[in-house]
Amino acid sequence: MEVADLHLHTTQSDGRLSVSELIDVVALSNASIFSITDHDTTNGLDAAAEYTKKYPHLRLIPGIELSADIDGDEIHVLGYFLDYQQVDFQRKLTSFRDGRITRAQMMIEKLSSLGMEVSWDRVQEIAGDGTIGRPHIALALVEEGYFDLPKEAFVNHLNRTGLAYAEVPKISPQEAVQLIKSVNGVAVLAHPFEITDMTKWIGILKEEGLDGLEVYYGNYGPSTVEHLLRLSRAYDLVPAGGSDFHGLGNPGEVRPGTVGTPIDIFDRLERLVI
Ligand code: AMP
Ligand code: ZN
Ligand code: FE
Ligand code: FE
């Protein structure tokens, strides 16, 4: 089925394919529309727009994934069609990325006190120019032989409840929605099923102007999709989605273009652009 894969990561954050490598993969997939949604950055989007010209059948939607904090949980908000060049917006993204550097250093210190040594220099090297995130630490831990797969590093160590988890203050989910709206973007709640108080947060964020709900996501099965579709109708939110491909090498990773927003529904999302 032809889809709009509206959730993809590159080396501009914690994905492992560069912008051009990812676009080459998308071009061979079922996606005719795609969005690059790196964490707290839009740095790959200009290069992506240029490279997408190589594939006349492909359409790129500018995107981002913002991380927000709530008590004991985290919420991710996707933004599309945003006027991302705005100076104040870019300034805020820079400060989010700076906070992530402090946080990664704190986590590396915690790992060290647990007897797991990874060097900050190596983690930075793995992250390259991209927004630093936990997957980069996970990859360094795999390199050092502490784990076989990046996702295993999350189970007892890098997860929110993990031994090496650290946090620095982030924006609230309401602020994340407001920030996307402030640059004329369309705001979509990412992977809602991961949120403990999902329905409560859908209600709160709808009040802030949330436009859509990520319904077609990664490995969400038919009953989850059906549940989320009902919620999207109840709250008048556009049911959107994408693969959330990172290319981290975890087995069973959902490939670009295999999951996404049905093309006819994508039109509804586009009509929301002011
Ligand atoms: P961060 O942006 O540093 O908070 O890291 C969030 C990223 O870590 C997500 O986008 C996923 O790529 C990855 N991640 C989060 N939780 C897990 C998990 N339990 N297993 C594997 N990867 C995860
Ligand atoms: Zn990620
Ligand atoms: Fe996410
Ligand atoms: Fe993501």
# chains A, B, ... in the order shown; residues from 1 in each chain; ligands from 1
>>> select_by_dssp(residues="region 156-270 of chain A", states="helix (DSSP H, G or I)", output="VMD selection string")
chain A and resid 156 to 158 173 to 182 192 to 194 198 to 207 222 to 234 263 to 270
>>> write_last_selection(atoms="C-alpha atoms", output="tab-separated table (two decimals), in the first residue's frame")
chain	number	residue	atom	x	y	z
A	156	ASN	CA	18.20	-2.13	32.93
A	157	HIS	CA	20.39	0.88	32.23
A	158	LEU	CA	19.23	3.55	29.78
A	173	PRO	CA	4.31	18.61	26.22
A	174	GLN	CA	2.06	21.69	26.10
A	175	GLU	CA	5.11	23.85	25.31
A	176	ALA	CA	6.18	21.39	22.61
A	177	VAL	CA	2.80	21.73	20.87
A	178	GLN	CA	2.88	25.53	21.27
A	179	LEU	CA	6.41	25.67	19.85
A	180	ILE	CA	5.40	23.74	16.73
A	181	LYS	CA	2.32	25.92	16.28
A	182	SER	CA	4.47	29.05	16.73
A	192	PRO	CA	0.81	7.56	22.07
A	193	PHE	CA	0.58	3.99	23.32
A	194	GLU	CA	3.89	4.42	25.14
A	198	MET	CA	-2.43	8.40	27.20
A	199	THR	CA	-6.06	9.55	27.12
A	200	LYS	CA	-5.48	12.28	29.69
A	201	TRP	CA	-2.61	13.71	27.64
A	202	ILE	CA	-4.52	13.53	24.37
A	203	GLY	CA	-7.21	15.68	26.02
A	204	ILE	CA	-4.73	18.17	27.45
A	205	LEU	CA	-2.81	18.56	24.20
A	206	LYS	CA	-5.96	18.83	22.08
A	207	GLU	CA	-6.71	21.96	24.13
A	222	PRO	CA	-4.27	-4.10	14.33
A	223	SER	CA	-5.97	-3.85	17.74
A	224	THR	CA	-3.71	-0.99	18.84
A	225	VAL	CA	-4.32	0.81	15.55
A	226	GLU	CA	-8.09	0.30	15.94
A	227	HIS	CA	-7.99	1.65	19.51
A	228	LEU	CA	-6.03	4.73	18.41
A	229	LEU	CA	-8.31	5.28	15.40
A	230	ARG	CA	-11.29	5.43	17.77
A	231	LEU	CA	-9.45	7.95	19.95
A	232	SER	CA	-8.52	10.05	16.92
A	233	ARG	CA	-12.22	10.21	15.96
A	234	ALA	CA	-13.33	11.00	19.51
A	263	ILE	CA	-2.25	8.70	1.27
A	264	ASP	CA	-5.90	9.86	1.36
A	265	ILE	CA	-5.56	10.68	5.07
A	266	PHE	CA	-2.35	12.60	4.42
A	267	ASP	CA	-4.46	15.15	2.49
A	268	ARG	CA	-6.33	15.91	5.71
A	269	LEU	CA	-3.05	16.69	7.45
A	270	GLU	CA	-1.95	18.97	4.66
>>> residues_near_ligand(ligand="ligand 1", cutoff="8 Å", atoms="only C-alpha atoms and all ligand atoms", output="PyMOL selection string")
chain A and resi 14-15+39+67+100+104+132-135+150-155+158-159+244+246
>>> residues_near_ligand(ligand="ligand 4", cutoff="8 Å", atoms="only C-alpha atoms and all ligand atoms", output="PyMOL selection string")
chain A and resi 7-9+37-39+65+76+190+244-246
>>> atom_distance(atom1="CA of Arg160 (chain A)", atom2="CA of Gly260 (chain A)")
27.3 Å
>>> closest_residue(among="A:Gly221, A:Gly72, A:Gly79, A:Pro251", to="Tyr165 (chain A)", atoms="only C-alpha atoms")
A:Gly72
